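Dumped work21.tsv below, it's TSV, C-alpha atoms:
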```tsv
chain	number	residue	atom	x	y	z
A	120	MET	CA	-60.57	-118.92	154.19
A	121	GLU	CA	-64.24	-119.86	154.31
A	122	PRO	CA	-65.44	-121.38	151.02
A	123	LYS	CA	-67.87	-119.21	149.13
A	124	LYS	CA	-71.42	-120.56	149.18
A	125	THR	CA	-72.88	-121.40	145.77
A	126	TYR	CA	-76.57	-121.45	144.94
A	127	PRO	CA	-78.40	-123.77	142.52
A	128	PHE	CA	-79.20	-122.01	139.28
A	129	PHE	CA	-80.64	-124.62	136.91
A	130	GLU	CA	-84.29	-124.02	137.75
A	131	THR	CA	-84.08	-120.22	137.60
A	132	ALA	CA	-82.16	-120.33	134.31
A	133	SER	CA	-84.57	-122.85	132.77
A	134	ILE	CA	-87.68	-120.99	133.86
A	135	TYR	CA	-86.48	-117.64	132.55
A	136	GLY	CA	-85.18	-119.21	129.34
A	137	ALA	CA	-88.57	-120.80	128.71
A	138	LEU	CA	-90.43	-117.62	129.66
A	139	CYS	CA	-88.35	-115.56	127.23
A	140	ALA	CA	-89.12	-118.10	124.47
A	141	VAL	CA	-92.86	-117.69	125.09
A	142	VAL	CA	-92.53	-113.88	125.06
A	143	ALA	CA	-90.34	-113.91	121.90
A	144	SER	CA	-92.82	-116.17	120.09
A	145	THR	CA	-95.76	-114.05	121.19
A	146	VAL	CA	-94.04	-110.85	120.03
A	147	LEU	CA	-92.93	-112.25	116.68
A	148	TYR	CA	-96.05	-114.20	115.72
A	149	GLY	CA	-98.41	-111.67	117.32
A	150	VAL	CA	-96.92	-108.63	115.62
A	151	LEU	CA	-96.62	-110.36	112.23
A	152	ILE	CA	-100.25	-111.53	112.36
A	153	ILE	CA	-101.80	-108.33	113.74
A	154	THR	CA	-99.87	-105.84	111.63
A	155	SER	CA	-99.55	-108.20	108.66
A	156	GLY	CA	-97.08	-106.83	106.15
A	157	SER	CA	-96.62	-103.35	107.59
A	158	LEU	CA	-93.19	-101.82	108.08
A	159	THR	CA	-93.91	-101.27	111.79
A	160	GLY	CA	-94.83	-104.91	112.23
A	161	LEU	CA	-91.69	-106.03	110.48
A	162	LEU	CA	-89.41	-103.76	112.50
A	163	VAL	CA	-91.07	-104.49	115.85
A	164	GLY	CA	-91.09	-108.21	115.06
A	165	CYS	CA	-87.42	-108.26	114.05
A	166	PHE	CA	-85.98	-106.00	116.74
A	167	GLY	CA	-88.31	-107.27	119.47
A	168	CYS	CA	-87.70	-110.91	118.71
A	169	PHE	CA	-83.93	-110.58	118.16
A	170	GLY	CA	-83.66	-108.54	121.36
A	171	ILE	CA	-85.61	-111.11	123.35
A	172	MET	CA	-83.42	-113.90	121.96
A	173	LEU	CA	-80.40	-112.33	123.69
A	174	VAL	CA	-82.25	-111.46	126.89
A	175	PRO	CA	-82.43	-114.87	128.68
A	176	GLY	CA	-78.78	-114.58	129.77
A	177	PHE	CA	-79.32	-111.08	131.20
A	178	ILE	CA	-82.59	-111.88	132.95
A	179	SER	CA	-81.42	-115.19	134.44
A	180	THR	CA	-78.27	-113.65	135.94
A	181	LYS	CA	-80.21	-110.62	137.20
A	182	MET	CA	-82.86	-112.83	138.80
A	183	HIS	CA	-80.24	-115.14	140.28
A	184	ILE	CA	-78.41	-112.20	141.85
A	185	SER	CA	-81.70	-110.74	143.14
A	186	ALA	CA	-82.77	-114.09	144.60
A	187	THR	CA	-79.47	-114.87	146.33
A	188	GLY	CA	-78.50	-111.32	147.23
A	189	HIS	CA	-74.93	-112.05	146.17
A	190	GLY	CA	-72.87	-111.11	143.14
A	191	LEU	CA	-71.99	-113.70	140.53
A	192	GLU	CA	-68.64	-114.88	139.18
A	193	LEU	CA	-68.26	-114.49	135.42
A	194	GLY	CA	-67.91	-118.25	134.94
A	195	ARG	CA	-71.13	-118.92	136.79
A	196	GLY	CA	-72.86	-116.14	134.85
A	197	ALA	CA	-71.69	-117.88	131.67
A	198	LEU	CA	-73.12	-121.20	132.85
A	199	ILE	CA	-76.46	-119.64	133.81
A	200	GLY	CA	-76.61	-117.77	130.49
A	201	PHE	CA	-75.75	-120.89	128.49
A	202	THR	CA	-78.41	-122.95	130.29
A	203	SER	CA	-81.12	-120.34	129.78
A	204	GLY	CA	-80.08	-119.92	126.12
A	205	VAL	CA	-80.29	-123.64	125.44
A	206	VAL	CA	-83.70	-123.87	127.14
A	207	PHE	CA	-84.79	-120.83	125.13
A	208	GLY	CA	-83.68	-122.46	121.87
A	209	VAL	CA	-85.47	-125.74	122.60
A	210	MET	CA	-88.66	-124.00	123.73
A	211	PHE	CA	-88.69	-121.53	120.82
A	212	SER	CA	-88.35	-124.36	118.29
A	213	PHE	CA	-90.97	-126.39	120.14
A	214	ILE	CA	-93.47	-123.51	120.02
A	215	GLY	CA	-92.71	-123.11	116.31
A	216	VAL	CA	-93.44	-126.79	115.65
A	217	ILE	CA	-96.68	-126.65	117.69
A	218	LEU	CA	-97.92	-123.51	115.93
A	219	GLU	CA	-97.11	-125.04	112.56
A	220	GLN	CA	-99.80	-127.65	113.32
A	221	PHE	CA	-102.25	-124.72	113.31
A	222	SER	CA	-100.94	-123.51	109.94
A	223	LEU	CA	-98.95	-120.72	111.55
A	224	ASN	CA	-95.55	-120.89	109.90
A	225	MET	CA	-93.17	-118.21	111.17
A	226	ASN	CA	-91.04	-118.17	108.02
A	227	GLN	CA	-94.16	-117.83	105.88
A	228	LEU	CA	-95.48	-114.94	107.97
A	229	PHE	CA	-92.08	-113.26	107.94
A	230	PHE	CA	-91.67	-113.56	104.17
A	231	GLU	CA	-95.19	-112.21	103.59
A	232	ALA	CA	-94.34	-109.19	105.75
A	233	LEU	CA	-91.05	-108.74	103.90
A	234	GLU	CA	-92.72	-108.96	100.49
A	235	GLU	CA	-95.25	-106.35	101.56
A	236	PHE	CA	-92.38	-104.12	102.68
A	237	VAL	CA	-90.57	-104.57	99.38
A	238	LEU	CA	-93.74	-103.75	97.44
A	239	GLN	CA	-94.06	-100.51	99.40
A	240	HIS	CA	-90.43	-99.49	99.16
A	241	GLY	CA	-89.40	-101.08	95.87
A	242	ASP	CA	-86.04	-102.73	96.55
A	243	PRO	CA	-85.38	-105.09	93.60
A	244	ASP	CA	-82.42	-106.81	95.31
A	245	ALA	CA	-84.57	-107.66	98.32
A	246	ALA	CA	-87.27	-109.21	96.10
A	247	ASP	CA	-84.72	-111.69	94.71
A	248	ASP	CA	-83.42	-112.37	98.21
A	249	ILE	CA	-86.90	-113.14	99.51
A	250	SER	CA	-87.76	-115.63	96.78
A	251	GLU	CA	-84.42	-117.37	97.36
A	252	LEU	CA	-84.99	-117.49	101.12
A	253	ARG	CA	-88.56	-118.68	100.67
A	254	GLU	CA	-87.25	-121.65	98.68
A	255	ALA	CA	-84.63	-122.38	101.35
A	256	GLY	CA	-87.26	-122.09	104.11
A	257	GLU	CA	-89.42	-124.72	102.47
A	258	SER	CA	-86.83	-127.38	103.33
A	259	GLY	CA	-88.51	-127.53	106.79
A	260	PHE	CA	-87.31	-128.76	110.17
A	261	SER	CA	-83.96	-130.55	110.42
A	262	VAL	CA	-82.51	-132.15	113.55
A	263	GLY	CA	-78.97	-130.98	112.73
A	264	GLY	CA	-80.19	-127.42	112.15
A	265	PHE	CA	-82.12	-127.54	115.42
A	266	ILE	CA	-79.05	-128.72	117.39
A	267	LEU	CA	-76.81	-126.04	115.86
A	268	ASN	CA	-79.53	-123.42	116.38
A	269	THR	CA	-79.81	-124.35	120.07
A	270	LEU	CA	-76.01	-124.28	120.40
A	271	VAL	CA	-75.88	-120.78	118.90
A	272	TYR	CA	-78.57	-119.55	121.32
A	273	GLY	CA	-76.59	-121.15	124.15
A	274	ILE	CA	-73.34	-119.42	123.16
A	275	LEU	CA	-74.90	-116.02	122.56
A	276	ASN	CA	-76.63	-116.18	125.94
A	277	LEU	CA	-73.41	-117.41	127.55
A	278	ILE	CA	-71.98	-114.05	126.47
A	279	THR	CA	-75.03	-112.04	127.60
A	280	GLY	CA	-74.96	-114.02	130.87
A	281	MET	CA	-71.36	-112.88	131.43
A	282	ILE	CA	-72.26	-109.30	130.51
A	283	GLY	CA	-75.22	-109.51	132.91
A	284	SER	CA	-73.08	-110.79	135.75
A	285	SER	CA	-70.52	-108.03	135.01
A	286	ILE	CA	-73.10	-105.26	135.07
A	287	PHE	CA	-75.30	-106.46	137.93
A	288	LYS	CA	-72.33	-107.57	139.99
A	289	GLY	CA	-71.02	-104.03	139.59
A	290	GLU	CA	-74.26	-102.67	141.00
A	291	HIS	CA	-73.90	-104.84	144.08
A	292	ASP	CA	-70.27	-103.91	144.62
A	293	GLU	CA	-70.64	-100.19	144.27
B	197	MET	CA	-60.12	-123.30	145.60
B	198	ASN	CA	-60.78	-119.61	145.25
B	199	THR	CA	-63.64	-119.13	142.77
B	200	HIS	CA	-61.86	-116.12	141.27
B	201	SER	CA	-59.11	-118.41	140.00
B	202	TYR	CA	-61.64	-119.67	137.45
B	203	ASN	CA	-61.52	-116.20	135.91
B	204	ARG	CA	-58.22	-116.96	134.19
B	205	TYR	CA	-60.10	-119.44	132.00
B	206	ILE	CA	-62.67	-116.84	130.90
B	207	PRO	CA	-60.64	-115.26	128.03
B	208	GLY	CA	-59.90	-118.75	126.68
B	209	LEU	CA	-63.57	-119.71	126.94
B	210	LEU	CA	-64.55	-116.51	125.14
B	211	VAL	CA	-62.07	-117.12	122.31
B	212	MET	CA	-63.30	-120.70	121.85
B	213	THR	CA	-67.02	-119.92	121.92
B	214	THR	CA	-66.87	-116.76	119.79
B	215	GLY	CA	-64.50	-118.54	117.38
B	216	LEU	CA	-67.04	-121.34	117.03
B	217	VAL	CA	-69.82	-118.83	116.34
B	218	VAL	CA	-67.70	-117.09	113.66
B	219	LEU	CA	-67.02	-120.47	112.06
B	220	LEU	CA	-70.73	-121.38	112.07
B	221	ALA	CA	-71.72	-117.88	110.88
B	222	SER	CA	-69.34	-118.23	107.93
B	223	GLY	CA	-71.66	-121.02	106.81
B	224	PHE	CA	-68.51	-123.01	105.96
B	225	ALA	CA	-68.67	-121.12	102.66
B	226	PHE	CA	-64.95	-121.86	102.22
B	227	SER	CA	-65.64	-125.60	102.11
B	228	ASP	CA	-67.37	-127.83	99.59
B	229	PHE	CA	-69.72	-129.52	102.07
B	230	GLY	CA	-73.19	-128.57	100.86
B	231	GLN	CA	-74.78	-130.22	103.90
B	232	LEU	CA	-72.85	-127.86	106.22
B	233	HIS	CA	-74.05	-124.83	104.24
B	234	SER	CA	-77.71	-125.74	104.64
B	235	LEU	CA	-77.30	-126.74	108.32
B	236	THR	CA	-75.70	-123.44	109.26
B	237	GLN	CA	-78.24	-121.51	107.18
B	238	SER	CA	-81.05	-123.10	109.18
B	239	ALA	CA	-79.16	-122.58	112.48
B	240	PHE	CA	-79.14	-118.78	112.01
B	241	ARG	CA	-82.54	-118.50	110.31
B	242	ASP	CA	-84.24	-116.96	113.37
B	243	LEU	CA	-81.33	-114.64	114.15
B	244	CYS	CA	-80.65	-112.96	110.81
B	245	HIS	CA	-82.54	-112.02	107.61
B	246	GLN	CA	-79.75	-113.76	105.58
B	247	PHE	CA	-80.32	-111.63	102.44
B	248	ALA	CA	-77.86	-112.70	99.76
B	249	SER	CA	-77.32	-109.13	98.58
B	250	ARG	CA	-76.29	-108.13	102.12
B	251	SER	CA	-74.07	-111.10	102.87
B	252	PHE	CA	-70.47	-111.88	102.06
B	253	HIS	CA	-69.75	-114.69	99.62
B	254	ILE	CA	-66.72	-116.95	99.30
B	255	ASP	CA	-66.29	-118.43	95.83
B	256	GLY	CA	-69.95	-117.72	95.13
B	257	THR	CA	-71.20	-119.43	98.32
B	258	LYS	CA	-73.18	-117.22	100.69
B	259	MET	CA	-72.31	-117.05	104.38
B	260	ALA	CA	-74.96	-118.09	106.92
B	261	VAL	CA	-75.50	-114.53	108.20
B	262	CYS	CA	-75.52	-111.01	106.76
B	263	SER	CA	-72.41	-108.82	106.76
B	264	ARG	CA	-73.52	-106.87	109.87
B	265	CYS	CA	-74.10	-110.04	111.91
B	266	PHE	CA	-70.81	-111.50	110.67
B	267	GLY	CA	-69.13	-108.27	111.75
B	268	MET	CA	-70.67	-108.59	115.24
B	269	TYR	CA	-69.45	-112.15	115.70
B	270	SER	CA	-66.03	-111.27	114.27
B	271	GLY	CA	-65.79	-108.27	116.63
B	272	MET	CA	-66.57	-110.56	119.57
B	273	PHE	CA	-63.85	-112.97	118.47
B	274	ILE	CA	-61.22	-110.27	117.81
B	275	MET	CA	-61.84	-108.58	121.18
B	276	SER	CA	-61.76	-111.96	122.96
B	277	ALA	CA	-58.44	-112.78	121.30
B	278	ALA	CA	-57.12	-109.33	122.27
B	279	GLY	CA	-58.18	-109.99	125.88
B	280	LEU	CA	-56.29	-113.27	125.84
B	281	LEU	CA	-53.14	-111.83	124.23
B	282	PHE	CA	-53.01	-108.57	126.19
B	283	PRO	CA	-54.51	-109.35	129.61
B	284	LYS	CA	-53.01	-106.28	131.29
B	285	ALA	CA	-53.96	-103.69	128.68
B	286	GLY	CA	-56.54	-101.05	129.60
B	287	ASN	CA	-58.21	-100.62	132.96
B	288	THR	CA	-61.50	-98.86	133.40
B	289	GLY	CA	-64.77	-99.05	135.37
B	290	ILE	CA	-67.84	-100.99	134.29
B	291	LYS	CA	-69.83	-97.80	133.72
B	292	SER	CA	-67.14	-96.45	131.38
B	293	ALA	CA	-67.09	-99.81	129.57
B	294	LEU	CA	-70.80	-99.46	128.80
B	295	TRP	CA	-70.24	-96.28	126.75
B	296	PRO	CA	-68.58	-97.97	123.74
B	297	ALA	CA	-71.47	-100.47	123.65
B	298	ALA	CA	-74.05	-97.68	123.73
B	299	LEU	CA	-72.16	-95.83	120.98
B	300	ALA	CA	-71.92	-98.97	118.83
B	301	ILE	CA	-75.67	-99.61	119.20
B	302	LEU	CA	-76.34	-95.98	118.25
B	303	ILE	CA	-74.08	-96.21	115.16
B	304	ASN	CA	-75.86	-99.38	113.98
B	305	THR	CA	-79.32	-97.93	114.64
B	306	VAL	CA	-78.50	-94.72	112.75
B	307	ASP	CA	-76.95	-96.74	109.90
B	308	VAL	CA	-80.07	-98.94	109.53
B	309	ALA	CA	-82.53	-96.06	109.96
B	310	GLY	CA	-80.65	-93.78	107.52
B	311	TYR	CA	-80.62	-96.52	104.89
B	312	ALA	CA	-84.33	-97.33	105.40
B	313	ALA	CA	-85.19	-93.62	105.14
B	314	GLY	CA	-83.13	-93.33	101.94
B	315	PHE	CA	-80.60	-90.83	103.34
B	316	TRP	CA	-77.63	-92.93	102.28
B	317	ILE	CA	-76.66	-96.26	100.79
B	318	ASN	CA	-74.48	-98.51	102.91
B	319	SER	CA	-72.25	-101.29	101.67
B	320	ASN	CA	-71.50	-104.74	103.02
B	321	LEU	CA	-68.16	-103.40	104.23
B	322	SER	CA	-69.72	-100.50	106.15
B	323	ARG	CA	-72.31	-102.85	107.70
B	324	PHE	CA	-69.53	-105.25	108.65
B	325	CYS	CA	-67.52	-102.46	110.30
B	326	ALA	CA	-70.56	-101.19	112.24
B	327	GLY	CA	-71.27	-104.73	113.44
B	328	LEU	CA	-67.60	-105.23	114.33
B	329	LEU	CA	-67.77	-102.28	116.74
B	330	ALA	CA	-70.89	-103.68	118.44
B	331	GLY	CA	-69.42	-107.15	118.93
B	332	ALA	CA	-66.11	-105.82	120.23
B	333	ALA	CA	-67.88	-103.44	122.63
B	334	ALA	CA	-69.95	-106.30	124.10
B	335	ILE	CA	-66.86	-108.36	124.90
B	336	PHE	CA	-65.07	-105.26	126.23
B	337	ILE	CA	-67.65	-105.14	129.08
B	338	ILE	CA	-66.78	-108.72	130.10
B	339	LEU	CA	-63.01	-108.10	129.89
B	340	THR	CA	-63.38	-104.96	131.99
B	341	ALA	CA	-65.26	-106.88	134.69
B	342	LEU	CA	-62.60	-109.58	134.54
B	343	LYS	CA	-59.76	-107.10	135.13
B	344	ARG	CA	-61.53	-105.56	138.10
B	345	LYS	CA	-61.82	-108.94	139.81
B	346	SER	CA	-58.38	-110.34	139.08
```

Starting from the coordinates I provided, produce the structure as structure tokens.
Amino acid sequence: MEPKKTYPFFETASIYGALCAVVASTVLYGVLIITSGSLTGLLVGCFGCFGIMLVPGFISTKMHISATGHGLELGRGALIGFTSGVVFGVMFSFIGVILEQFSLNMNQLFFEALEEFVLQHGDPDAADDISELREAGESGFSVGGFILNTLVYGILNLITGMIGSSIFKGEHDE
Amino acid sequence: MNTHSYNRYIPGLLVMTTGLVVLLASGFAFSDFGQLHSLTQSAFRDLCHQFASRSFHIDGTKMAVCSRCFGMYSGMFIMSAAGLLFPKAGNTGIKSALWPAALAILINTVDVAGYAAGFWINSNLSRFCAGLLAGAAAIFIILTALKRKS
């Protein structure tokens, strides 16, 4: 039996992971700044950003399949997803650190938007939660937190990478 | 070596990775290591709002994620374990496997929207259950693809 040809994936996965990080940062920071404190801004920022955080695995596998014209084994989809997720995590944190130099703190912006939302809708439990989280957020950047954060992005995108290779592989087969 | 033979490792890989995420998401609230609590809190900071009133607590220590997120990760782990324990159970097409995921997303969206609009009040348990469905449905897609190939 002829061995199945494999294609390099690292570059594609890294590029799309980094691209998704730029888009996620732009959506989150952009929406929170432009629509400061509004419910729409908060919802678009949360859903948009959370959605984009899980997308690198999907996009990388989709692009890999499109580029090679072949379906993808689940294991390889997992590897591509994990790589793009790790690159996403590193890039997203890096952008956060850079923007913090320009006094743009994501946690600060997010808490301001949340407080505005609570003022509008009057949820006393949430007010306590925000002040508690604000205190926790002031602890700043930690290397251990960054490593775990990147690992979590990697694992979640490993799963979306597998889902992507399942779905897009199906398209090719059928 | 046939590349498809790697597929038998997939359920094990899923159990290990989702199990690790559940452990991290728990914030090690069952342990006394304060350093682990703060590390896991900062690891999930971008992924979850982490409101104390919407999170489970163990002995007064808050988990690293809210009850809905913890439900999602737990659902992933439970479905992965089920895939490992019952590899032959169920057999469907990928398109059919997408329906439970779509339904789970719809349930969560309606639950969040209904609460925000003041139609109903949800509890940590109901949020956990809604999240559990979403996590399990996501892994169900992978397990379905795995059965079709093996």

Give one line per residue of stretch 289-308 of chain B that approaches stretch 316-335 of chain B to at most 8 Å, naming the two atoms of the closest pair and their distance in Å to one decimal, counting only C-alpha atoms; sort by chain then ascending residue number and deliver it as JSON lines.
```
{"residue": "B:Ala293", "atom": "CA", "partner": "B:Ala333", "partner_atom": "CA", "distance": 7.9}
{"residue": "B:Leu294", "atom": "CA", "partner": "B:Ala333", "partner_atom": "CA", "distance": 7.9}
{"residue": "B:Pro296", "atom": "CA", "partner": "B:Ala333", "partner_atom": "CA", "distance": 5.6}
{"residue": "B:Ala297", "atom": "CA", "partner": "B:Ala333", "partner_atom": "CA", "distance": 4.8}
{"residue": "B:Ala300", "atom": "CA", "partner": "B:Ala330", "partner_atom": "CA", "distance": 4.8}
{"residue": "B:Ile301", "atom": "CA", "partner": "B:Ala330", "partner_atom": "CA", "distance": 6.3}
{"residue": "B:Ile303", "atom": "CA", "partner": "B:Ala326", "partner_atom": "CA", "distance": 6.8}
{"residue": "B:Asn304", "atom": "CA", "partner": "B:Ala326", "partner_atom": "CA", "distance": 5.9}
{"residue": "B:Asp307", "atom": "CA", "partner": "B:Asn318", "partner_atom": "CA", "distance": 7.6}
```

List every residue of chain A that has an atom at most 7 Å from any atom of chain B, giving for each one its closest atom pair and the distance in Å to one decimal, counting only C-alpha atoms, sorted by chain and then by ascending residue number, as JSON lines.
```
{"residue": "A:Phe169", "atom": "CA", "partner": "B:Leu243", "partner_atom": "CA", "distance": 6.3}
{"residue": "A:Leu193", "atom": "CA", "partner": "B:Asn203", "partner_atom": "CA", "distance": 7.0}
{"residue": "A:Gly194", "atom": "CA", "partner": "B:Ile206", "partner_atom": "CA", "distance": 6.8}
{"residue": "A:Asp244", "atom": "CA", "partner": "B:Ser249", "partner_atom": "CA", "distance": 6.5}
{"residue": "A:Asp248", "atom": "CA", "partner": "B:Phe247", "partner_atom": "CA", "distance": 5.3}
{"residue": "A:Gly263", "atom": "CA", "partner": "B:Leu235", "partner_atom": "CA", "distance": 6.3}
{"residue": "A:Gly264", "atom": "CA", "partner": "B:Leu235", "partner_atom": "CA", "distance": 4.8}
{"residue": "A:Phe265", "atom": "CA", "partner": "B:Ala239", "partner_atom": "CA", "distance": 6.5}
{"residue": "A:Leu267", "atom": "CA", "partner": "B:Ala239", "partner_atom": "CA", "distance": 5.4}
{"residue": "A:Asn268", "atom": "CA", "partner": "B:Ala239", "partner_atom": "CA", "distance": 4.0}
{"residue": "A:Val271", "atom": "CA", "partner": "B:Val217", "partner_atom": "CA", "distance": 6.9}
{"residue": "A:Ile274", "atom": "CA", "partner": "B:Thr213", "partner_atom": "CA", "distance": 6.5}
{"residue": "A:Met281", "atom": "CA", "partner": "B:Ile338", "partner_atom": "CA", "distance": 6.3}
{"residue": "A:Ile282", "atom": "CA", "partner": "B:Ile338", "partner_atom": "CA", "distance": 5.5}
{"residue": "A:Ser285", "atom": "CA", "partner": "B:Ala341", "partner_atom": "CA", "distance": 5.4}
{"residue": "A:Ile286", "atom": "CA", "partner": "B:Ile290", "partner_atom": "CA", "distance": 6.8}
{"residue": "A:Gly289", "atom": "CA", "partner": "B:Ile290", "partner_atom": "CA", "distance": 6.9}
```

Convert the current residue selection to file output with C-alpha atoms, as a tab-separated table (two decimals), in the coordinates of the input.
```tsv
chain	number	residue	atom	x	y	z
A	169	PHE	CA	-83.93	-110.58	118.16
A	193	LEU	CA	-68.26	-114.49	135.42
A	194	GLY	CA	-67.91	-118.25	134.94
A	244	ASP	CA	-82.42	-106.81	95.31
A	248	ASP	CA	-83.42	-112.37	98.21
A	263	GLY	CA	-78.97	-130.98	112.73
A	264	GLY	CA	-80.19	-127.42	112.15
A	265	PHE	CA	-82.12	-127.54	115.42
A	267	LEU	CA	-76.81	-126.04	115.86
A	268	ASN	CA	-79.53	-123.42	116.38
A	271	VAL	CA	-75.88	-120.78	118.90
A	274	ILE	CA	-73.34	-119.42	123.16
A	281	MET	CA	-71.36	-112.88	131.43
A	282	ILE	CA	-72.26	-109.30	130.51
A	285	SER	CA	-70.52	-108.03	135.01
A	286	ILE	CA	-73.10	-105.26	135.07
A	289	GLY	CA	-71.02	-104.03	139.59
```

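Across the model, the gap from atom CA of A:Ile249 to atom CA of B:Thr257 is 17.0 Å.
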
**Request:** Pick out the residues sitting within 7 Å of A:Leu277, and hand them over as a PyMOL selection string; count only C-alpha atoms, and ignore anything fewer than 2 positions along from it in its own chain.
**Result:** chain A and resi 176+197-198+200-201+273-275+279-281

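Take atom CA of A:Ala186 and atom CA of A:Leu138: the distance between them is 17.2 Å.
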
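Between atom CA of B:Ser263 and atom CA of B:Phe282 lies a distance of 27.5 Å.
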
**Request:** Would you mind listing what lies within 7 Å of A:Ser179 as a ChimeraX atom specification, with all atoms listed in the file counted and same-chain residues fewer than 2 positions away left out?
**Result:** /A:131-132,135,175-177,181-183,199-200,203

**Prompt:** For B:Ala225, which residue among B:Met212, B:Ser251, B:Met259, B:Gly267 is the nearest when counting only C-alpha atoms?
**Reply:** B:Met259

Take every atom of stretch 266-275 of chain A listed in the file, fit an axis-aligned box around them, add 5 Å per side, and give the centre and edge lengths in Å to one decimal as AutoDock Vina command-line options.
```
--center_x -76.6 --center_y -122.4 --center_z 120.0 --size_x 16.5 --size_y 22.7 --size_z 18.3
```

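With only C-alpha atoms as the atoms that count, the residue of A:Phe236, A:Phe287, A:Phe229, A:Tyr272 with the shortest distance to A:Gly149 is A:Phe229.
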
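Here the question is which of A:Asn276, A:Glu234, A:Ile152, A:Leu147 gets nearest to A:Gly204 using all atoms listed in the file, and that residue is A:Asn276.
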
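Of the residues under consideration (A:Ser185, A:Asn224, A:Thr202, A:Ser212), A:Ser212 shows the shortest atom-to-atom contact distance to A:Val141 when counting all atoms listed in the file.
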